[in-house]
Structures are given as structure tokens and as C-alpha cells.
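Working notes for the structure below.
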Amino acid sequence: MADGIFTADGTTKARKANECIASVKHLKPPENLFDEFWREGELALLFGPSGTGKSVLAVQVAEAIARGRKIEGFTMTSKRHKVLYVDLKFSEKQFGWRYTNEGRQYKLSENLYRERPAADENLIDWLRSKVKENGFRVIVIDDLSAVRQTCDGTRETLKLMRELKQLKDELDLSVLVLSGSHEQRRGEFISEACLKRSAILCDVADSVFAIGTHPRDTRYHCIVQTRVRSAAVKWYSGNAPVCSVYRSEDAFLGMSFDERFVADVDEETRQLICNIKWRRDAKASYSSIAEEFDISKTTAFRLYKKWTPALEKGIVAECMEEEILPQMNADDADKEGEFDPVDPASPAFDDPDENRGFYPKDISNIPFMAALKRIHVTELKRGVDGYGREIFILEEQNDGRPNVWFEYDSNGKLLRKERDTYGPKIKHIDSPWLTSADLRHRNMYNPAVDLSKL
């Protein structure tokens, strides 16, 4: 639609700049759908290499918008929206299995719809009819690779982006489009250069952001803004949100963000959340936890879902100072009443046989001990086996092939596999948590894991 004021003879009269500004004075400023990455009324582009969690993040954002609940730490709308997730990437079964774990299925918001056009349908015409029939105002399209007909597909994807922009303006929509890219160079943050020829898509979008591998730790990802029309770039390489894929106990697959994005809670609540997490790791039921802490079962479940690794930071040190060391002094003092702790700088500090007295023998009553020096298998380096299944690599051979790795079977059970002369040795694992001892089981350096952080 052309700007300007129509005159009696059908021509348009040019509008002054101040008139344009005054015309939006009565309008509410656009809400943040996903912080500064994507605002209401914008066509946003999210790109990144395969395996970085673009679809995981997109569904998490769509679910948050549909529920009207923000992702902790980000500025997001509190109003519920009907969201259409156009899934051009996964089949219905593949999408369903993503949110199913050990027989449990995550229940997404009733305001979140997932559909895809037929193979012979025009995407823009199909979108226009869906919006008019169902009243959608927020649309997520995953992803542009489905419309490519050539090697890089720039001609097809650029045409689609321009049509989406026209549709967005015509129907007052907010659209998020996902696109693949090449991997960034080692040690660098992801940038628009990773799109190569497809970088021209960024010129059409109102805002552009990317998710790529963390340049210093391949277990994590970073989300970086590259451009935005409505404001200055907020999230750049110096402060980019750091995240990793996680699966919650209720089978939701999403991104867990660094400690800057943890909700502010008082100390008592923080310790209660961590205690509940520790009890659940020990296979305690919500009923027994509720009885132990004199809270309702629903509250126990709600607090458990608030747990993040960042909440335990500092508590471990408090345990060492307030509970472990006093117990150690009481139980292990010598006859003269003196105690000579193991020097952390000595080799004996890392030797469990030489350092048996450093921790008390019975740690069942000490909270948060289960969280000391451990990581989840999903924090290991990710890969894909010969059948296209996702694996988590603990140890690699010199040629880069996995030597020891973990994967989930069709029933959601965790398997540990180790390469052998006659084929992989397979073993069922009860707990997905690995300790520093597990990671040093061969006394070999594993490039997939940064042992210095354990």
C-alpha cells in the first residue's frame, strides 16, 4: 500500500515527516515477542548451522508466546497469542517424538498450532487463508531449506522472504523465519558471513539473529543479534546469551540459559529448589518430597521446574564450609585434636584413594552433594551415528570417530556404547549424570569435555 493522502483526482499528496510520526502517537509501542531479537509486527530471521538447536529454540519461543509466559531473563509479552508453527522440516511423528520421553508427553499450549501446507500448495496463499480463517497473528516458519530448488536456493528463498514481508504488512503479522547456514570458523562467533550468498536475506528482514557454537566451549551455543531496524543491537558477541539443549522431567525439550537468565529468588527458596532437585535425582517421589518439606505436591513439582545449574552456584561452596568441613573436623581430627586437610595443590587431592577423608563417608544428609563435579550426558559433544540418531560423545579416536558415546534407545533408555574390535559394547545406564571420575575413566584427554570446569 502506498503512503500518502489521496486527493480528489486520485493522485496522492506527499506527507510531511512530522505527520508520519504523529500518526503513530496513539498506538501502543510494539511488544517484545522474544526480547530484542523479535518484536511485534516484525519479520525476523533466525539462522544457524545444523545441530545448533534452531528448531528447539523456535518451539520454546512459540510456546512461551502462546502461554503468555516469558522465558526467564528475557523481556517478552505477557499476552497470550494464537501461534501458527509452520513445520516444513519435521514430520508429525518426528515432532511428536521430540516432546516425548520415557513414555511421558509434554502438553504444549492450546494456543500453539502446528501445520504444514500440501506439497503442491503455494505457501503464501496457504498462509493467507490460515490467518484469515483462524485469526493467527504470530507465525513461525521452520525452515527455508524446504523451498530451495538449487544448491544454495537464494533465488527461491529471497522471493519467499519478500512475499512474507508483503503478507506481514498486509495482515499485520509477526513472522519468524528459520534458515540454515554454514558453521563459523573455529574460535569465532557466528555472523552473517556464515550465510554466504544467502546473506542477502538479511536485507529483507526487520531483525536478524543467529545461534551458533560457543567459540570457546563446543558444548554450548550463543545467540547473537546481527541487525535490527527498530533499535540498537542489544545482544552482541560480548554479552550473547549462552545456552544448551536440555530436556525437563515433563519431557519438554528446550534451551537452558546461563546464570544471567535465572529468575531472582530469595535464599530460602533457592535452597528449597536445589534440595528438591537433589531428592529427585535420588529417585524420590514428589509425594515424599512434599511431605518432607511440608509443601504441596504441586508446589514441589513447580519448584523443581525452576531449577537451573546456576542456582547451585555458591551453594556447593556453602556446603563445603558449613557442613562438610565441620563434619570432617569432628570425625577425622587426630588424637591431638588437630586436622591437617589435604593440600588442593597436591596430587593426592584428585586421588580418591589418597583422599578418602576429605569428604564424610555418609553424604546422604548433605544437600547438593549430588551436584558436585557432575555434568549431564546431553552436555557432551553431540554427533550423529550411521542411522541419523543423535549421540553424545565422551571420547573420540584420533580420526575423529567416537570411541565412547551415549545415546537414547527407542524406549527413551540411556545406552553407553564403547567401540571394540568386534563391534560396540552396549550397556544400559541408570543415571544420565557423569562425574569427573567417569570422564577420566581411561586417564585420557577427551577433547569433547572441558575437565577443568569439573
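Each chain in the C-alpha cells gets a letter, A, B and so on, in the order shown; residues start at 1 in every chain, and ligands are counted from 1 in the order they appear.
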
Q: Can you pull out every residue within 8 Å of segment 42-44 of chain A, counting only C-alpha atoms, but drop anything in the same chain fewer than 6 positions away, and send it as a list in words?
A: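 These residues fall inside the cut-off: Leu164, Lys165, Lys168, Leu173, Ser174, Val175, Leu176, Val177, Ala205, Asp206, Ser207, Val208 and Phe209 of chain A.
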
Written selection (N, CA, C and O atoms) as a JSON list (two decimals), in the first residue's frame:
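What follows is the written file part-v7.json:
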[["chain", "number", "residue", "atom", "x", "y", "z"],
["A", 164, "LEU", "N", 6.72, -12.86, 2.15],
["A", 164, "LEU", "CA", 6.35, -12.88, 3.56],
["A", 164, "LEU", "C", 6.29, -11.47, 4.15],
["A", 164, "LEU", "O", 5.43, -11.17, 4.97],
["A", 165, "LYS", "N", 7.21, -10.62, 3.70],
["A", 165, "LYS", "CA", 7.20, -9.24, 4.19],
["A", 165, "LYS", "C", 5.94, -8.52, 3.74],
["A", 165, "LYS", "O", 5.31, -7.77, 4.51],
["A", 168, "LYS", "N", 3.08, -9.89, 5.75],
["A", 168, "LYS", "CA", 3.17, -9.37, 7.12],
["A", 168, "LYS", "C", 2.58, -7.97, 7.21],
["A", 168, "LYS", "O", 1.80, -7.65, 8.12],
["A", 173, "LEU", "N", 1.04, -9.01, 10.72],
["A", 173, "LEU", "CA", 1.52, -10.24, 11.35],
["A", 173, "LEU", "C", 2.90, -10.02, 11.97],
["A", 173, "LEU", "O", 3.60, -9.05, 11.67],
["A", 174, "SER", "N", 3.28, -10.97, 12.80],
["A", 174, "SER", "CA", 4.66, -11.06, 13.32],
["A", 174, "SER", "C", 5.19, -12.42, 12.85],
["A", 174, "SER", "O", 4.60, -13.45, 13.17],
["A", 175, "VAL", "N", 6.27, -12.42, 12.11],
["A", 175, "VAL", "CA", 6.75, -13.65, 11.46],
["A", 175, "VAL", "C", 8.21, -13.90, 11.84],
["A", 175, "VAL", "O", 9.04, -12.99, 11.75],
["A", 176, "LEU", "N", 8.49, -15.13, 12.24],
["A", 176, "LEU", "CA", 9.87, -15.58, 12.50],
["A", 176, "LEU", "C", 10.19, -16.68, 11.51],
["A", 176, "LEU", "O", 9.47, -17.68, 11.42],
["A", 177, "VAL", "N", 11.26, -16.51, 10.75],
["A", 177, "VAL", "CA", 11.67, -17.48, 9.72],
["A", 177, "VAL", "C", 13.02, -18.07, 10.11],
["A", 177, "VAL", "O", 13.94, -17.33, 10.49],
["A", 205, "ALA", "N", 14.71, -8.77, 6.07],
["A", 205, "ALA", "CA", 14.19, -8.94, 7.43],
["A", 205, "ALA", "C", 14.27, -7.64, 8.23],
["A", 205, "ALA", "O", 15.14, -6.79, 7.99],
["A", 206, "ASP", "N", 13.35, -7.50, 9.19],
["A", 206, "ASP", "CA", 13.38, -6.35, 10.10],
["A", 206, "ASP", "C", 14.39, -6.55, 11.21],
["A", 206, "ASP", "O", 14.94, -5.59, 11.75],
["A", 207, "SER", "N", 14.60, -7.80, 11.61],
["A", 207, "SER", "CA", 15.61, -8.12, 12.62],
["A", 207, "SER", "C", 16.21, -9.48, 12.29],
["A", 207, "SER", "O", 15.53, -10.36, 11.75],
["A", 208, "VAL", "N", 17.48, -9.63, 12.60],
["A", 208, "VAL", "CA", 18.21, -10.85, 12.28],
["A", 208, "VAL", "C", 19.02, -11.28, 13.49],
["A", 208, "VAL", "O", 19.70, -10.45, 14.11],
["A", 209, "PHE", "N", 18.92, -12.56, 13.85],
["A", 209, "PHE", "CA", 19.77, -13.09, 14.90],
["A", 209, "PHE", "C", 20.16, -14.52, 14.56],
["A", 209, "PHE", "O", 19.54, -15.16, 13.70]]

Q. Leaving out segment 390-405 of chain A and any residue of its chain fewer than 6 positions from it, which residues lie within 7 Å of it when counting only C-alpha atoms, given as a list of chain:residue names?
A.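 What passes the distance filter is A:Val377, A:Thr378, A:Leu380, A:Lys381, A:Arg382, A:Gly383, A:Val384, A:Arg416, A:Lys417, A:Glu418, A:Arg419, A:Asn446, A:Ala448.
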
Just the selected residues (N, CA, C and O atoms), exported as a PDB file, in the first residue's frame, please.
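Listed below is the output, result-v8.pdb:
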ATOM      1  N   VAL A 377      24.767 -36.030  30.403  1.00  0.00           N
ATOM      2  CA  VAL A 377      25.300 -36.567  29.146  1.00  0.00           C
ATOM      3  C   VAL A 377      24.975 -35.658  27.963  1.00  0.00           C
ATOM      4  O   VAL A 377      25.727 -35.602  26.991  1.00  0.00           O
ATOM      5  N   THR A 378      23.847 -34.931  28.043  1.00  0.00           N
ATOM      6  CA  THR A 378      23.481 -34.058  26.929  1.00  0.00           C
ATOM      7  C   THR A 378      24.394 -32.846  26.812  1.00  0.00           C
ATOM      8  O   THR A 378      24.311 -32.112  25.834  1.00  0.00           O
ATOM      9  N   LEU A 380      27.615 -33.259  26.684  1.00  0.00           N
ATOM     10  CA  LEU A 380      28.777 -33.733  25.950  1.00  0.00           C
ATOM     11  C   LEU A 380      28.698 -33.261  24.498  1.00  0.00           C
ATOM     12  O   LEU A 380      27.673 -32.769  24.036  1.00  0.00           O
ATOM     13  N   LYS A 381      29.779 -33.446  23.782  1.00  0.00           N
ATOM     14  CA  LYS A 381      29.793 -33.105  22.358  1.00  0.00           C
ATOM     15  C   LYS A 381      28.758 -33.953  21.636  1.00  0.00           C
ATOM     16  O   LYS A 381      28.654 -35.153  21.861  1.00  0.00           O
ATOM     17  N   ARG A 382      27.977 -33.306  20.753  1.00  0.00           N
ATOM     18  CA  ARG A 382      26.914 -34.012  20.058  1.00  0.00           C
ATOM     19  C   ARG A 382      27.385 -34.474  18.682  1.00  0.00           C
ATOM     20  O   ARG A 382      28.251 -33.856  18.062  1.00  0.00           O
ATOM     21  N   GLY A 383      26.779 -35.553  18.222  1.00  0.00           N
ATOM     22  CA  GLY A 383      27.081 -36.084  16.909  1.00  0.00           C
ATOM     23  C   GLY A 383      25.911 -36.901  16.404  1.00  0.00           C
ATOM     24  O   GLY A 383      24.847 -36.947  17.015  1.00  0.00           O
ATOM     25  N   VAL A 384      26.108 -37.557  15.275  1.00  0.00           N
ATOM     26  CA  VAL A 384      25.065 -38.386  14.676  1.00  0.00           C
ATOM     27  C   VAL A 384      25.685 -39.703  14.260  1.00  0.00           C
ATOM     28  O   VAL A 384      26.779 -39.735  13.679  1.00  0.00           O
ATOM     29  N   ARG A 416      25.139 -46.721  26.971  1.00  0.00           N
ATOM     30  CA  ARG A 416      26.549 -46.357  26.852  1.00  0.00           C
ATOM     31  C   ARG A 416      27.189 -47.320  25.873  1.00  0.00           C
ATOM     32  O   ARG A 416      27.065 -48.545  26.017  1.00  0.00           O
ATOM     33  N   LYS A 417      27.857 -46.799  24.861  1.00  0.00           N
ATOM     34  CA  LYS A 417      28.480 -47.641  23.851  1.00  0.00           C
ATOM     35  C   LYS A 417      29.975 -47.344  23.777  1.00  0.00           C
ATOM     36  O   LYS A 417      30.392 -46.193  23.837  1.00  0.00           O
ATOM     37  N   GLU A 418      30.757 -48.408  23.656  1.00  0.00           N
ATOM     38  CA  GLU A 418      32.211 -48.286  23.548  1.00  0.00           C
ATOM     39  C   GLU A 418      32.688 -49.132  22.381  1.00  0.00           C
ATOM     40  O   GLU A 418      32.351 -50.309  22.267  1.00  0.00           O
ATOM     41  N   ARG A 419      33.453 -48.506  21.494  1.00  0.00           N
ATOM     42  CA  ARG A 419      33.913 -49.202  20.297  1.00  0.00           C
ATOM     43  C   ARG A 419      34.877 -50.330  20.669  1.00  0.00           C
ATOM     44  O   ARG A 419      35.758 -50.172  21.518  1.00  0.00           O
ATOM     45  N   ASN A 446      40.015 -36.035  26.730  1.00  0.00           N
ATOM     46  CA  ASN A 446      38.848 -36.092  25.853  1.00  0.00           C
ATOM     47  C   ASN A 446      38.543 -34.699  25.350  1.00  0.00           C
ATOM     48  O   ASN A 446      38.102 -33.849  26.117  1.00  0.00           O
ATOM     49  N   ALA A 448      36.141 -33.565  23.833  1.00  0.00           N
ATOM     50  CA  ALA A 448      34.714 -33.217  23.854  1.00  0.00           C
ATOM     51  C   ALA A 448      34.302 -32.598  25.174  1.00  0.00           C
ATOM     52  O   ALA A 448      33.239 -32.012  25.273  1.00  0.00           O
TER      53      ALA A 448
END

Q) Counting only C-alpha atoms, what is within 12 Å of Leu201 of chain A, bar same-chain residues fewer than 6 positions away, as a VMD selection string? A) chain A and resid 43 to 47 144 153 to 162 164 to 165 177 to 181 192 to 193 195 207 to 208 227

Residues from the last selection, C-alpha atoms, saved as a compact mmCIF listing (two decimals), in the first residue's frame:
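What landed in result-v7.txt:
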# COMPACT_ATOMS: atom_id res chain seq x y z
CA LEU A 43 9.72 -10.18 10.06
CA ALA A 44 12.63 -11.78 11.92
CA LEU A 45 15.24 -14.18 10.57
CA LEU A 46 16.95 -16.79 12.77
CA PHE A 47 19.83 -18.64 11.14
CA LEU A 144 13.62 -22.02 4.38
CA GLY A 153 18.46 -21.74 -3.04
CA THR A 154 18.98 -17.98 -2.79
CA ARG A 155 16.63 -17.20 -5.68
CA GLU A 156 13.71 -19.13 -4.12
CA THR A 157 14.29 -18.10 -0.50
CA LEU A 158 14.73 -14.41 -1.36
CA LYS A 159 11.45 -14.42 -3.31
CA LEU A 160 9.68 -16.09 -0.35
CA MET A 161 11.12 -13.60 2.17
CA ARG A 162 9.85 -10.66 0.08
CA LEU A 164 6.35 -12.88 3.56
CA LYS A 165 7.20 -9.24 4.19
CA VAL A 177 11.67 -17.48 9.72
CA LEU A 178 14.41 -20.07 10.31
CA SER A 179 17.25 -20.72 7.90
CA GLY A 180 20.32 -22.92 7.87
CA SER A 181 23.85 -21.61 7.45
CA GLU A 192 26.09 -13.21 8.65
CA ALA A 193 29.18 -14.27 6.71
CA LEU A 195 25.11 -17.40 5.26
CA SER A 207 15.61 -8.12 12.62
CA VAL A 208 18.21 -10.85 12.28
CA ARG A 227 20.99 -6.35 12.84

Q: Report the residues of segment 101-257 of chain A whose backbone DSSP state falls under strand (DSSP E or B), written as a PyMOL selection string.
A: chain A and resi 101+104-105+112-115+138-142+174-180+207-213+221-228+242-247+253-257

Create the file for the chosen residues now, containing N, CA and C atoms and written as a short mmCIF file (atom, residue, chain, number, x, y, z; two decimals), in the first residue's frame.
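So out_4.cif came out as:
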data_model
loop_
_atom_site.label_atom_id
_atom_site.label_comp_id
_atom_site.auth_asym_id
_atom_site.auth_seq_id
_atom_site.Cartn_x
_atom_site.Cartn_y
_atom_site.Cartn_z
N ASN A 101 9.26 -38.45 26.17
CA ASN A 101 10.44 -39.03 26.80
C ASN A 101 10.01 -40.02 27.87
N ARG A 104 6.43 -40.26 28.67
CA ARG A 104 5.75 -39.02 29.03
C ARG A 104 5.71 -38.10 27.83
N GLN A 105 4.58 -37.44 27.65
CA GLN A 105 4.41 -36.49 26.57
C GLN A 105 4.17 -35.10 27.14
N LEU A 112 -1.02 -22.97 20.63
CA LEU A 112 0.05 -23.25 19.67
C LEU A 112 -0.44 -24.30 18.67
N TYR A 113 -0.40 -23.94 17.39
CA TYR A 113 -0.85 -24.82 16.31
C TYR A 113 0.34 -25.19 15.44
N ARG A 114 0.37 -26.45 15.00
CA ARG A 114 1.44 -26.90 14.12
C ARG A 114 0.81 -27.47 12.85
N GLU A 115 1.14 -26.89 11.72
CA GLU A 115 0.60 -27.37 10.44
C GLU A 115 1.63 -27.16 9.35
N VAL A 138 0.77 -14.43 15.02
CA VAL A 138 2.19 -14.79 15.19
C VAL A 138 2.45 -16.07 14.41
N ILE A 139 3.47 -16.06 13.56
CA ILE A 139 3.78 -17.21 12.70
C ILE A 139 5.27 -17.52 12.79
N VAL A 140 5.59 -18.80 12.91
CA VAL A 140 6.97 -19.28 12.89
C VAL A 140 7.10 -20.26 11.73
N ILE A 141 8.10 -20.07 10.87
CA ILE A 141 8.30 -20.93 9.71
C ILE A 141 9.64 -21.63 9.83
N ASP A 142 9.59 -22.96 9.87
CA ASP A 142 10.79 -23.79 10.06
C ASP A 142 10.87 -24.84 8.93
N SER A 174 3.28 -10.97 12.80
CA SER A 174 4.66 -11.06 13.32
C SER A 174 5.19 -12.42 12.85
N VAL A 175 6.27 -12.42 12.11
CA VAL A 175 6.75 -13.65 11.46
C VAL A 175 8.21 -13.90 11.84
N LEU A 176 8.49 -15.13 12.24
CA LEU A 176 9.87 -15.58 12.50
C LEU A 176 10.19 -16.68 11.51
N VAL A 177 11.26 -16.51 10.75
CA VAL A 177 11.67 -17.48 9.72
C VAL A 177 13.02 -18.07 10.11
N LEU A 178 13.15 -19.38 10.01
CA LEU A 178 14.41 -20.07 10.31
C LEU A 178 15.12 -20.42 9.01
N SER A 179 16.45 -20.38 9.08
CA SER A 179 17.25 -20.72 7.90
C SER A 179 18.57 -21.34 8.34
N GLY A 180 19.03 -22.31 7.59
CA GLY A 180 20.32 -22.92 7.87
C GLY A 180 21.47 -22.05 7.39
N SER A 207 14.60 -7.80 11.61
CA SER A 207 15.61 -8.12 12.62
C SER A 207 16.21 -9.48 12.29
N VAL A 208 17.48 -9.63 12.60
CA VAL A 208 18.21 -10.85 12.28
C VAL A 208 19.02 -11.28 13.49
N PHE A 209 18.92 -12.56 13.85
CA PHE A 209 19.77 -13.09 14.90
C PHE A 209 20.16 -14.52 14.56
N ALA A 210 21.21 -14.99 15.20
CA ALA A 210 21.77 -16.29 14.84
C ALA A 210 22.12 -17.08 16.09
N ILE A 211 22.11 -18.40 15.95
CA ILE A 211 22.56 -19.28 17.04
C ILE A 211 23.70 -20.14 16.49
N GLY A 212 24.81 -20.10 17.20
CA GLY A 212 25.98 -20.86 16.76
C GLY A 212 26.71 -21.47 17.93
N THR A 213 27.70 -22.27 17.64
CA THR A 213 28.50 -22.93 18.67
C THR A 213 29.35 -21.90 19.41
N HIS A 221 26.01 -23.09 23.11
CA HIS A 221 25.68 -22.27 21.96
C HIS A 221 25.52 -20.81 22.40
N CYS A 222 25.64 -19.90 21.45
CA CYS A 222 25.46 -18.47 21.70
C CYS A 222 24.42 -17.92 20.73
N ILE A 223 23.59 -17.00 21.23
CA ILE A 223 22.60 -16.34 20.39
C ILE A 223 23.03 -14.89 20.21
N VAL A 224 23.25 -14.49 18.95
CA VAL A 224 23.83 -13.18 18.65
C VAL A 224 22.91 -12.42 17.70
N GLN A 225 22.61 -11.16 18.03
CA GLN A 225 21.92 -10.27 17.10
C GLN A 225 22.91 -9.76 16.07
N THR A 226 22.50 -9.72 14.81
CA THR A 226 23.38 -9.16 13.79
C THR A 226 22.87 -7.84 13.25
N ARG A 227 21.55 -7.65 13.25
CA ARG A 227 20.99 -6.35 12.84
C ARG A 227 19.55 -6.24 13.31
N VAL A 228 19.08 -5.00 13.46
CA VAL A 228 17.70 -4.72 13.85
C VAL A 228 17.34 -3.32 13.36
N VAL A 242 24.29 -17.44 26.49
CA VAL A 242 24.89 -18.77 26.31
C VAL A 242 23.86 -19.81 26.73
N CYS A 243 23.70 -20.84 25.93
CA CYS A 243 22.66 -21.81 26.21
C CYS A 243 23.07 -23.21 25.78
N SER A 244 22.30 -24.18 26.21
CA SER A 244 22.48 -25.58 25.80
C SER A 244 21.12 -26.25 25.81
N VAL A 245 20.99 -27.29 25.00
CA VAL A 245 19.71 -28.02 24.92
C VAL A 245 19.55 -28.88 26.17
N TYR A 246 18.35 -28.88 26.73
CA TYR A 246 18.07 -29.71 27.89
C TYR A 246 16.68 -30.32 27.73
N ARG A 247 16.42 -31.40 28.44
CA ARG A 247 15.09 -31.99 28.48
C ARG A 247 14.64 -32.04 29.93
N LEU A 253 11.54 -30.22 25.58
CA LEU A 253 12.87 -30.03 25.01
C LEU A 253 13.06 -28.55 24.76
N GLY A 254 14.04 -27.94 25.41
CA GLY A 254 14.23 -26.51 25.28
C GLY A 254 15.67 -26.11 25.53
N MET A 255 15.88 -24.81 25.59
CA MET A 255 17.21 -24.25 25.85
C MET A 255 17.32 -23.82 27.30
N SER A 256 18.42 -24.18 27.93
CA SER A 256 18.73 -23.72 29.27
C SER A 256 19.80 -22.63 29.14
N PHE A 257 19.53 -21.46 29.70
CA PHE A 257 20.41 -20.31 29.53
C PHE A 257 21.33 -20.11 30.74
#

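Distance-wise, atom CA of Asp294 of chain A and atom CA of Cys274 of chain A end up 15.6 Å apart.
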
Q: Excluding segment 29-36 of chain A and any residue of its chain fewer than 4 positions from it, enumerate the residues within 6 Å of it, using only C-alpha atoms, and give them as a list in words.
A: Glu40, Phe74, Thr75, Met76 and Thr77 of chain A
